[in-house]
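**Student:** Contents of coords-v4.cif (mmCIF, C-alpha atoms) are given next:
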```
data_my_file
loop_
_atom_site.label_atom_id
_atom_site.label_comp_id
_atom_site.auth_asym_id
_atom_site.auth_seq_id
_atom_site.Cartn_x
_atom_site.Cartn_y
_atom_site.Cartn_z
CA MET A 712 48.80 122.73 5.70
CA GLU A 713 50.59 122.84 9.05
CA THR A 714 53.90 121.16 9.70
CA ALA A 715 54.57 120.08 13.26
CA VAL A 716 58.12 119.34 14.34
CA LEU A 717 57.85 116.82 17.11
CA THR A 718 61.57 116.41 17.69
CA ALA A 719 64.63 118.07 16.20
CA ASP A 720 67.49 115.91 17.39
CA VAL A 721 69.64 115.59 14.25
CA ALA A 722 73.15 116.33 15.46
CA GLY A 723 75.49 113.54 16.34
CA GLN A 724 73.14 110.78 15.23
CA GLU A 725 74.07 107.16 15.47
CA ASN A 726 72.57 104.57 13.21
CA PRO A 727 69.83 102.47 14.84
CA ARG A 728 70.19 99.87 12.09
CA ARG A 729 73.60 99.03 13.56
CA GLY A 730 72.01 98.18 16.90
CA GLU A 731 72.23 101.68 18.42
CA ALA A 732 69.39 103.84 19.68
CA VAL A 733 68.98 107.45 18.66
CA GLY A 734 66.53 110.35 18.79
CA ARG A 735 65.43 110.99 15.21
CA SER A 736 63.75 114.02 13.65
CA LEU A 737 60.04 113.39 13.26
CA VAL A 738 58.34 115.88 10.97
CA CYS A 739 54.64 115.41 10.26
CA GLN A 740 52.06 117.23 8.20
CA ASP A 741 48.65 117.88 9.76
CA ASP A 742 49.88 115.87 12.76
CA LYS A 743 49.06 112.67 10.89
CA PRO A 744 51.53 109.83 11.56
CA SER A 745 50.94 108.56 8.04
CA ASN A 746 52.43 111.79 6.70
CA CYS A 747 55.56 111.65 8.83
CA LEU A 748 58.91 111.81 7.11
CA SER A 749 60.36 109.49 9.70
CA LEU A 750 58.52 107.13 11.97
CA THR A 751 61.58 106.16 14.00
CA LYS A 752 61.80 107.80 17.41
CA LEU A 753 64.04 105.81 19.68
CA SER A 754 65.23 106.88 23.08
CA LYS A 755 68.92 106.98 23.92
CA GLU A 756 68.02 106.26 27.53
CA ASP A 757 66.04 103.16 26.61
CA ASN A 758 68.78 101.96 24.24
CA VAL A 759 66.40 99.48 22.63
CA MET A 760 65.48 98.62 19.08
CA SER A 761 61.95 99.01 17.79
CA GLU A 762 60.22 95.86 16.66
CA ASP A 763 60.51 96.97 13.04
CA GLU A 764 64.26 97.71 13.25
CA GLU A 765 66.70 94.95 12.42
CA ASP A 766 70.45 94.82 12.11
CA ILE A 767 71.40 95.06 8.46
CA ILE A 768 73.99 92.65 7.10
CA LEU A 769 75.48 94.29 4.03
CA GLU A 770 76.61 91.04 2.46
CA GLU A 771 73.01 89.81 2.34
CA LEU A 772 71.65 92.83 0.46
CA GLU A 773 70.88 92.88 -3.23
CA LEU A 774 72.81 95.58 -5.09
CA ASP A 775 69.74 97.79 -5.49
CA GLU A 776 69.09 97.46 -1.77
CA LEU A 777 72.68 98.41 -1.04
CA TYR A 778 72.34 101.57 -3.14
CA GLU A 779 69.07 102.41 -1.41
CA LEU A 780 70.78 102.03 1.94
CA MET A 781 73.54 104.35 0.77
CA HIS A 782 70.91 106.94 -0.13
CA GLU A 783 69.36 106.66 3.33
CA ASP A 784 72.69 106.85 5.15
CA LEU A 785 73.79 109.85 3.11
CA TYR A 786 70.53 111.55 3.94
CA ASP A 787 71.12 110.89 7.64
CA GLY A 788 74.80 111.84 7.51
CA TYR A 789 76.25 108.47 8.53
CA ALA A 790 79.84 108.73 7.27
CA GLU A 791 81.16 105.45 8.72
CA GLU A 792 78.26 103.49 7.27
CA ILE A 793 78.83 105.04 3.84
CA GLU A 794 82.46 103.92 3.98
CA GLU A 795 81.35 100.38 4.82
CA GLU A 796 78.83 100.35 1.99
CA VAL A 797 81.30 101.68 -0.57
CA HIS A 798 83.80 99.00 0.43
CA GLU A 799 81.06 96.38 0.19
CA ALA A 800 80.17 97.47 -3.34
CA LEU A 801 83.82 97.51 -4.39
CA GLY A 802 84.24 94.05 -2.89
CA ARG A 803 81.50 92.81 -5.20
CA GLY A 804 83.47 94.02 -8.20
CA ILE A 805 81.25 97.03 -8.93
CA VAL A 806 83.15 99.68 -10.87
CA PRO A 807 83.83 102.90 -8.92
CA TYR A 808 81.94 105.10 -11.37
CA GLU A 809 78.73 103.11 -10.91
CA ILE A 810 79.05 103.34 -7.13
CA LEU A 811 79.55 107.09 -7.48
CA THR A 812 76.56 107.69 -9.74
CA LYS A 813 74.03 105.15 -8.47
CA GLY A 814 75.04 105.35 -4.83
CA LEU A 815 76.56 108.68 -3.80
CA VAL A 816 75.38 111.10 -6.49
CA ALA A 817 71.85 109.69 -6.55
CA GLY A 818 71.71 109.96 -2.76
CA MET A 819 72.93 113.56 -2.75
CA ASP A 820 70.34 114.41 -5.40
CA ILE A 821 67.68 113.51 -2.83
CA VAL A 822 69.41 115.66 -0.24
CA GLY A 823 69.57 118.56 -2.70
CA VAL A 824 65.87 118.37 -3.54
CA ASP A 825 64.83 118.31 0.12
CA PHE A 826 67.23 121.17 0.92
CA ARG A 827 65.73 123.20 -1.91
CA ASP A 828 62.22 122.44 -0.68
CA GLY A 829 62.97 123.40 2.92
CA ILE A 830 62.72 119.88 4.33
CA LEU A 831 66.43 119.75 5.19
CA PHE A 832 68.48 122.63 6.55
CA VAL A 833 72.15 123.62 6.40
CA PRO A 834 73.38 121.56 9.42
CA GLU A 835 71.74 118.41 8.03
CA VAL A 836 73.10 119.04 4.54
CA LEU A 837 76.58 119.54 5.97
CA MET A 838 76.29 116.15 7.68
CA ALA A 839 75.21 114.56 4.40
CA ALA A 840 78.08 116.25 2.58
CA LYS A 841 80.53 114.97 5.19
CA ALA A 842 79.24 111.44 4.61
CA MET A 843 79.56 111.99 0.85
CA LYS A 844 83.17 113.07 1.29
CA ALA A 845 83.91 109.93 3.29
CA GLY A 846 82.74 107.82 0.37
CA MET A 847 84.52 110.00 -2.17
CA ALA A 848 87.81 109.65 -0.29
CA ILE A 849 87.67 105.94 -1.11
CA LEU A 850 86.46 106.31 -4.70
CA ARG A 851 88.43 109.34 -5.90
CA PRO A 852 91.80 107.59 -6.44
CA LEU A 853 90.04 104.66 -8.10
CA LEU A 854 88.10 106.98 -10.39
CA ALA A 855 91.32 108.70 -11.38
CA GLU A 856 92.91 105.35 -12.25
CA THR A 857 90.00 104.31 -14.46
CA GLY A 858 89.58 107.70 -16.12
CA ALA A 859 85.90 107.77 -15.21
CA PRO A 860 83.85 110.59 -16.73
CA LYS A 861 82.74 113.55 -14.64
CA VAL A 862 79.88 116.00 -15.00
CA GLY A 863 82.22 118.97 -15.27
CA THR A 864 84.86 121.01 -13.48
CA MET A 865 84.25 124.02 -11.27
CA VAL A 866 86.63 126.54 -9.74
CA ILE A 867 85.05 128.23 -6.74
CA GLY A 868 86.27 130.88 -4.33
CA THR A 869 85.29 133.89 -2.26
CA VAL A 870 86.20 137.25 -3.81
CA LYS A 871 88.94 139.60 -2.70
CA GLY A 872 88.31 141.24 0.66
CA ASP A 873 85.80 138.62 1.80
CA ILE A 874 86.75 135.84 4.21
CA HIS A 875 83.30 134.30 4.69
CA ASP A 876 83.23 130.77 3.34
CA ILE A 877 80.39 128.72 4.86
CA GLY A 878 78.12 129.18 1.85
CA LYS A 879 80.97 128.60 -0.57
CA ASN A 880 81.98 125.42 1.22
CA LEU A 881 78.44 124.09 1.11
CA VAL A 882 78.14 124.80 -2.61
CA GLY A 883 81.46 123.06 -3.23
CA MET A 884 80.42 119.97 -1.30
CA MET A 885 77.03 119.80 -3.00
CA MET A 886 78.63 120.23 -6.43
CA GLU A 887 81.08 117.43 -5.68
CA GLY A 888 78.15 115.35 -4.53
CA ALA A 889 76.54 115.95 -7.92
CA GLY A 890 79.57 114.53 -9.74
CA PHE A 891 81.55 117.68 -10.48
CA GLU A 892 85.25 118.03 -9.90
CA VAL A 893 85.52 121.03 -7.57
CA ILE A 894 88.64 123.13 -7.14
CA ASP A 895 88.10 125.28 -4.06
CA ILE A 896 90.61 128.14 -4.01
CA GLY A 897 89.41 129.44 -0.66
CA ILE A 898 88.79 133.00 0.47
CA ASN A 899 89.98 136.52 -0.41
CA ASN A 900 90.77 135.76 -4.06
CA SER A 901 92.16 138.33 -6.48
CA VAL A 902 91.77 138.28 -10.25
CA GLU A 903 95.18 136.69 -10.42
CA ASP A 904 94.10 133.90 -8.08
CA TYR A 905 91.06 133.08 -10.20
CA PHE A 906 93.08 133.20 -13.41
CA ALA A 907 95.78 130.91 -12.03
CA ALA A 908 93.16 128.30 -11.11
CA ILE A 909 91.40 128.67 -14.47
CA LYS A 910 94.67 128.25 -16.35
CA GLU A 911 95.63 125.16 -14.35
CA HIS A 912 92.28 123.35 -14.29
CA ASN A 913 90.44 124.65 -17.40
CA PRO A 914 87.00 124.59 -15.71
CA GLU A 915 83.67 124.93 -17.46
CA ILE A 916 82.28 126.80 -14.46
CA LEU A 917 83.61 129.60 -12.23
CA GLY A 918 81.82 130.19 -8.94
CA MET A 919 82.29 133.40 -6.96
CA SER A 920 80.75 134.19 -3.57
CA ALA A 921 80.54 137.27 -1.37
CA LEU A 922 78.82 137.97 1.93
CA LEU A 923 79.70 141.65 2.23
CA THR A 924 78.15 144.40 0.14
CA THR A 925 81.57 146.03 -0.01
CA THR A 926 83.12 143.01 -1.74
CA MET A 927 80.29 142.33 -4.21
CA PRO A 928 81.65 144.78 -6.84
CA TYR A 929 84.84 142.75 -7.16
CA MET A 930 82.85 140.11 -9.02
CA ARG A 931 82.49 142.63 -11.85
CA VAL A 932 86.26 143.15 -11.81
CA VAL A 933 86.82 139.42 -12.34
CA ILE A 934 84.24 139.19 -15.12
CA ASN A 935 85.70 142.23 -16.90
CA ALA A 936 89.15 140.62 -16.66
CA LEU A 937 87.75 137.46 -18.27
CA LYS A 938 86.48 139.62 -21.13
CA GLU A 939 89.83 141.36 -21.55
CA GLU A 940 91.57 137.99 -21.75
CA GLY A 941 89.06 136.84 -24.37
CA ILE A 942 87.89 133.84 -22.33
CA ARG A 943 84.56 135.09 -20.98
CA ASP A 944 82.55 133.05 -23.47
CA ASP A 945 84.50 129.91 -22.58
CA ILE A 946 83.41 129.76 -18.96
CA THR A 947 80.07 129.88 -17.14
CA VAL A 948 80.12 132.32 -14.23
CA LEU A 949 77.83 131.61 -11.28
CA VAL A 950 77.62 134.05 -8.37
CA GLY A 951 76.06 133.77 -4.94
CA GLY A 952 75.96 135.16 -1.43
CA ALA A 953 73.43 136.65 0.98
CA PRO A 954 73.47 140.26 -0.34
CA LEU A 955 73.28 139.29 -4.03
CA ASN A 956 70.22 138.97 -6.23
CA GLU A 957 69.33 138.25 -9.84
CA ALA A 958 69.40 141.93 -10.80
CA PHE A 959 72.96 142.29 -9.54
CA ALA A 960 74.08 139.15 -11.37
CA GLU A 961 72.54 140.46 -14.59
CA ASP A 962 74.16 143.86 -14.09
CA ILE A 963 77.67 142.46 -13.76
CA GLU A 964 76.98 140.05 -16.65
CA ALA A 965 77.30 136.83 -14.69
CA ASP A 966 75.52 133.87 -16.22
CA ALA A 967 73.36 133.22 -13.18
CA TYR A 968 72.70 134.07 -9.54
CA CYS A 969 72.33 131.05 -7.25
CA ARG A 970 70.52 131.74 -3.99
CA ASP A 971 71.69 128.51 -2.33
CA ALA A 972 73.71 125.35 -2.88
CA ALA A 973 70.82 123.31 -4.27
CA VAL A 974 70.07 125.98 -6.88
CA ALA A 975 73.79 126.16 -7.73
CA VAL A 976 73.85 122.43 -8.50
CA ASP A 977 70.72 122.58 -10.64
CA THR A 978 71.99 125.63 -12.51
CA ALA A 979 75.42 124.13 -13.13
CA LYS A 980 73.86 120.95 -14.51
CA LYS A 981 71.66 122.95 -16.88
CA PHE A 982 74.60 124.92 -18.23
CA MET A 983 76.60 121.72 -18.72
CA GLN A 984 73.70 120.25 -20.70
CA ILE A 985 73.65 123.36 -22.89
CA ARG A 986 77.39 123.04 -23.48
CA LYS A 987 77.08 119.40 -24.49
CA ALA A 988 74.17 120.17 -26.80
CA LYS A 989 76.27 122.79 -28.59
CA GLY A 990 79.07 120.24 -28.93
#
```
Would it be possible to restate this file's structure as structure tokens?

**Tutor:**
Amino acid sequence: METAVLTADVAGQENPRRGEAVGRSLVCQDDKPSNCLSLTKLSKEDNVMSEDEEDIILEELELDELYELMHEDLYDGYAEEIEEEVHEALGRGIVPYEILTKGLVAGMDIVGVDFRDGILFVPEVLMAAKAMKAGMAILRPLLAETGAPKVGTMVIGTVKGDIHDIGKNLVGMMMEGAGFEVIDIGINNSVEDYFAAIKEHNPEILGMSALLTTTMPYMRVVINALKEEGIRDDITVLVGGAPLNEAFAEDIEADAYCRDAAVAVDTAKKFMQIRKAKG
């Protein structure tokens, strides 16, 4: 089955539902319009609305429709619209945790699935994650006040000697989008750096990334240090990075190798379910 990309204008999109025109990605299978992922292709030069496009008034939407709109705007990376929709939901008296789970997390789940399946790519996921962060900036303090539950806590960082962080950043944003609390300790982290973060935040999951083959072995150093401290069994260790593979992860006794951010989210969720089942 062939996939034809008719346009690929995804950067810097504006939302046509707010009365603005935009070139949208149009990806079709077998060149059949009925199989297109998006049927909206508006011209910035024309600056007109299609007959099927209407301005959306948030106040007039049912709650389920508002959540669906949040999913769509997350998918398209519309940060300002997500902020408006979060404020609208809060204004209706909806508790922050429900907005997080039914609006933001559910929307990022869709992004994660399409990223995993090759429908979305890194730039588009980064836009979605940016929109997610815009909504989280509003909800995070409110969630802290209400003591809302979270999926789990993850400490993530690039290992000592490695300053590459694009993959790590994407994993962190996707994990946060899945409802995890993420403590990103940055790049070039020593054993001491990891241990300090673990001691302070008591995470269920430790994520380590490396892009250089020369820095990969340091992951083993961290895992061995966890063993020496007697805390290896208390924490799930996920590793990732371009030069890694499952065999390497098994060799250093990590719990799992995650080839990309979507896999990292799915893997983390599975390990959290196992933890909860064990009590």

**Student:** Carefully work through the PyMOL selection byres ((chain A and resi 785) around 12) for this structure and note down the residues it includes, as a PyMOL selection string.

**Tutor:** chain A and resi 726+778-784+786-794+796-797+814-823+835-847+888

**Student:** Compile the contact shell of Asn880 (chain A) as a list in words: residues with an atom at most 12 Å away, counting all atoms listed in the file, same-chain residues fewer than 4 positions apart removed.

**Tutor:**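 Once the adjacent positions are removed, what remains is Val833, Val836, Leu837, Ala840, Lys841, Val866, Ile867, Gly868, Thr869, Ile874, His875, Asp876, Met884, Met885, Met886, Glu887, Val893, Ile894, Asp895, Ile896, Gly897, Ile898, Gly918, Met919, Ser920, Gly951, Gly952, Asp971 and Ala972 of chain A.
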
**Student:** For the point (82.0, 143.0, -8.9) in the file's frame, write as a PyMOL selection string all residues with an atom no more than 10 Å away, counting all atoms listed in the file.

**Tutor:** chain A and resi 870-871+919+921+924-935+950+959-960+962-965

**Student:** Name the closest residue to Ile877 (chain A) among the candidates A:Val824, A:Ala953, A:Val948, A:Val806; distances are taken between atoms, counting only C-alpha atoms.

**Tutor:** A:Ala953

**Student:** Which is closer to Leu801 (chain A) than all the others in A:Ala859, A:Ile849, A:Ala936, A:Ile768, using all atoms listed in the file?

**Tutor:**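 For Leu801 (chain A), the nearest of the given residues is A:Ile849.
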
**Student:** Pick from A:Ala988, A:Ile830, A:Met865, A:Ala958: nearest to Asn913 (chain A), with only C-alpha atoms counted?

**Tutor:**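 Checking each candidate against Asn913 (chain A), we get A:Met865 as the closest.
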
**Student:** Mind pulling up the distance from CA of Val902 (chain A) to CA of Gln984 (chain A)?

**Tutor:**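 The value is 27.6 Å.
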
**Student:** Between CA of Tyr808 (chain A) and CA of Arg970 (chain A), what is the spacing in Å?

**Tutor:**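 A separation of 29.9 Å between them.
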
**Student:** Go ahead and compute the interatomic distance for CA of Glu940 (chain A) and CA of His912 (chain A), in Å to one decimal.

**Tutor:** 16.4 Å

**Student:** Suppose a student applies the PyMOL selection byres ((chain A and resi 863) around 7) to this structure; what residues should they get, written as a list in words?

**Tutor:** Lys861, Val862, Thr864, Met865, Phe891, Glu892 and Glu915 of chain A

**Student:** Using only C-alpha atoms, find the one residue out of A:Ala848, A:Leu922, A:Glu856, A:Phe906 that sits nearest to Glu939 (chain A).

**Tutor:**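 Selected residue with least distance to Glu939 (chain A): A:Phe906.
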
**Student:** Would you please take region 917-930 of chain A of the structure in the block above and write all heavy atoms to a file as an mmCIF file, in the first residue's frame?

**Tutor:**
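Saved as result.cif:
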```
data_model
loop_
_atom_site.group_PDB
_atom_site.id
_atom_site.type_symbol
_atom_site.label_atom_id
_atom_site.label_comp_id
_atom_site.auth_asym_id
_atom_site.auth_seq_id
_atom_site.Cartn_x
_atom_site.Cartn_y
_atom_site.Cartn_z
ATOM 1 N N LEU A 917 14.389 5.075 36.465
ATOM 2 C CA LEU A 917 15.583 5.833 36.101
ATOM 3 C C LEU A 917 15.807 5.660 34.612
ATOM 4 O O LEU A 917 15.886 4.537 34.114
ATOM 5 C CB LEU A 917 16.808 5.336 36.874
ATOM 6 C CG LEU A 917 18.156 5.924 36.435
ATOM 7 C CD1 LEU A 917 18.196 7.429 36.707
ATOM 8 C CD2 LEU A 917 19.317 5.221 37.145
ATOM 9 N N GLY A 918 15.905 6.773 33.897
ATOM 10 C CA GLY A 918 16.164 6.726 32.464
ATOM 11 C C GLY A 918 17.543 7.277 32.160
ATOM 12 O O GLY A 918 17.905 8.361 32.620
ATOM 13 N N MET A 919 18.320 6.519 31.392
ATOM 14 C CA MET A 919 19.659 6.965 30.988
ATOM 15 C C MET A 919 19.754 6.918 29.466
ATOM 16 O O MET A 919 19.298 5.971 28.837
ATOM 17 C CB MET A 919 20.739 6.073 31.589
ATOM 18 C CG MET A 919 20.868 6.165 33.096
ATOM 19 S SD MET A 919 22.318 5.260 33.724
ATOM 20 C CE MET A 919 21.790 3.553 33.513
ATOM 21 N N SER A 920 20.364 7.956 28.892
ATOM 22 C CA SER A 920 20.529 7.993 27.438
ATOM 23 C C SER A 920 21.979 8.254 27.072
ATOM 24 O O SER A 920 22.737 8.853 27.842
ATOM 25 C CB SER A 920 19.635 9.081 26.817
ATOM 26 O OG SER A 920 20.116 10.373 27.150
ATOM 27 N N ALA A 921 22.361 7.789 25.880
ATOM 28 C CA ALA A 921 23.700 8.018 25.349
ATOM 29 C C ALA A 921 23.619 7.994 23.833
ATOM 30 O O ALA A 921 22.907 7.180 23.252
ATOM 31 C CB ALA A 921 24.668 6.946 25.837
ATOM 32 N N LEU A 922 24.351 8.891 23.197
ATOM 33 C CA LEU A 922 24.399 8.919 21.745
ATOM 34 C C LEU A 922 25.756 8.456 21.227
ATOM 35 O O LEU A 922 25.894 8.096 20.063
ATOM 36 C CB LEU A 922 24.091 10.327 21.229
ATOM 37 C CG LEU A 922 23.902 10.466 19.716
ATOM 38 C CD1 LEU A 922 22.672 9.681 19.264
ATOM 39 C CD2 LEU A 922 23.757 11.920 19.313
ATOM 40 N N LEU A 923 26.754 8.454 22.085
ATOM 41 C CA LEU A 923 28.100 8.070 21.681
ATOM 42 C C LEU A 923 28.425 6.663 22.157
ATOM 43 O O LEU A 923 28.126 6.298 23.298
ATOM 44 C CB LEU A 923 29.130 9.050 22.260
ATOM 45 C CG LEU A 923 28.918 10.539 21.940
ATOM 46 C CD1 LEU A 923 29.936 11.381 22.690
ATOM 47 C CD2 LEU A 923 29.014 10.781 20.437
ATOM 48 N N THR A 924 29.079 5.889 21.311
ATOM 49 C CA THR A 924 29.483 4.540 21.717
ATOM 50 C C THR A 924 30.488 4.586 22.860
ATOM 51 O O THR A 924 30.565 3.659 23.670
ATOM 52 C CB THR A 924 30.094 3.781 20.536
ATOM 53 O OG1 THR A 924 31.191 4.546 19.997
ATOM 54 C CG2 THR A 924 29.057 3.558 19.446
ATOM 55 N N THR A 925 31.231 5.676 22.947
ATOM 56 C CA THR A 925 32.235 5.795 24.006
ATOM 57 C C THR A 925 31.618 6.058 25.375
ATOM 58 O O THR A 925 32.263 5.820 26.402
ATOM 59 C CB THR A 925 33.218 6.936 23.676
ATOM 60 O OG1 THR A 925 32.488 8.138 23.419
ATOM 61 C CG2 THR A 925 34.051 6.575 22.449
ATOM 62 N N THR A 926 30.377 6.564 25.403
ATOM 63 C CA THR A 926 29.741 6.855 26.693
ATOM 64 C C THR A 926 28.764 5.766 27.124
ATOM 65 O O THR A 926 28.343 5.733 28.275
ATOM 66 C CB THR A 926 28.989 8.201 26.637
ATOM 67 O OG1 THR A 926 27.976 8.146 25.619
ATOM 68 C CG2 THR A 926 29.947 9.341 26.322
ATOM 69 N N MET A 927 28.414 4.874 26.202
ATOM 70 C CA MET A 927 27.491 3.788 26.535
ATOM 71 C C MET A 927 27.925 2.980 27.765
ATOM 72 O O MET A 927 27.091 2.672 28.627
ATOM 73 C CB MET A 927 27.342 2.837 25.338
ATOM 74 C CG MET A 927 26.521 3.377 24.200
ATOM 75 S SD MET A 927 26.690 2.367 22.684
ATOM 76 C CE MET A 927 26.275 0.736 23.300
ATOM 77 N N PRO A 928 29.209 2.613 27.898
ATOM 78 C CA PRO A 928 29.613 1.772 29.030
ATOM 79 C C PRO A 928 29.345 2.392 30.397
ATOM 80 O O PRO A 928 29.281 1.674 31.401
ATOM 81 C CB PRO A 928 31.117 1.584 28.802
ATOM 82 C CG PRO A 928 31.299 1.757 27.332
ATOM 83 C CD PRO A 928 30.316 2.814 26.946
ATOM 84 N N TYR A 929 29.194 3.718 30.437
ATOM 85 C CA TYR A 929 28.960 4.351 31.741
ATOM 86 C C TYR A 929 27.617 3.949 32.325
ATOM 87 O O TYR A 929 27.416 4.025 33.539
ATOM 88 C CB TYR A 929 29.060 5.872 31.628
ATOM 89 C CG TYR A 929 29.265 6.542 32.963
ATOM 90 C CD1 TYR A 929 30.522 6.554 33.567
ATOM 91 C CD2 TYR A 929 28.206 7.127 33.645
ATOM 92 C CE1 TYR A 929 30.718 7.151 34.803
ATOM 93 C CE2 TYR A 929 28.390 7.721 34.883
ATOM 94 C CZ TYR A 929 29.641 7.728 35.460
ATOM 95 O OH TYR A 929 29.837 8.297 36.703
ATOM 96 N N MET A 930 26.700 3.510 31.487
ATOM 97 C CA MET A 930 25.416 3.028 31.993
ATOM 98 C C MET A 930 25.634 1.834 32.914
ATOM 99 O O MET A 930 24.951 1.700 33.939
ATOM 100 C CB MET A 930 24.494 2.648 30.830
ATOM 101 C CG MET A 930 24.052 3.821 29.986
ATOM 102 S SD MET A 930 22.975 3.306 28.622
ATOM 103 C CE MET A 930 22.471 4.904 27.971
#
```
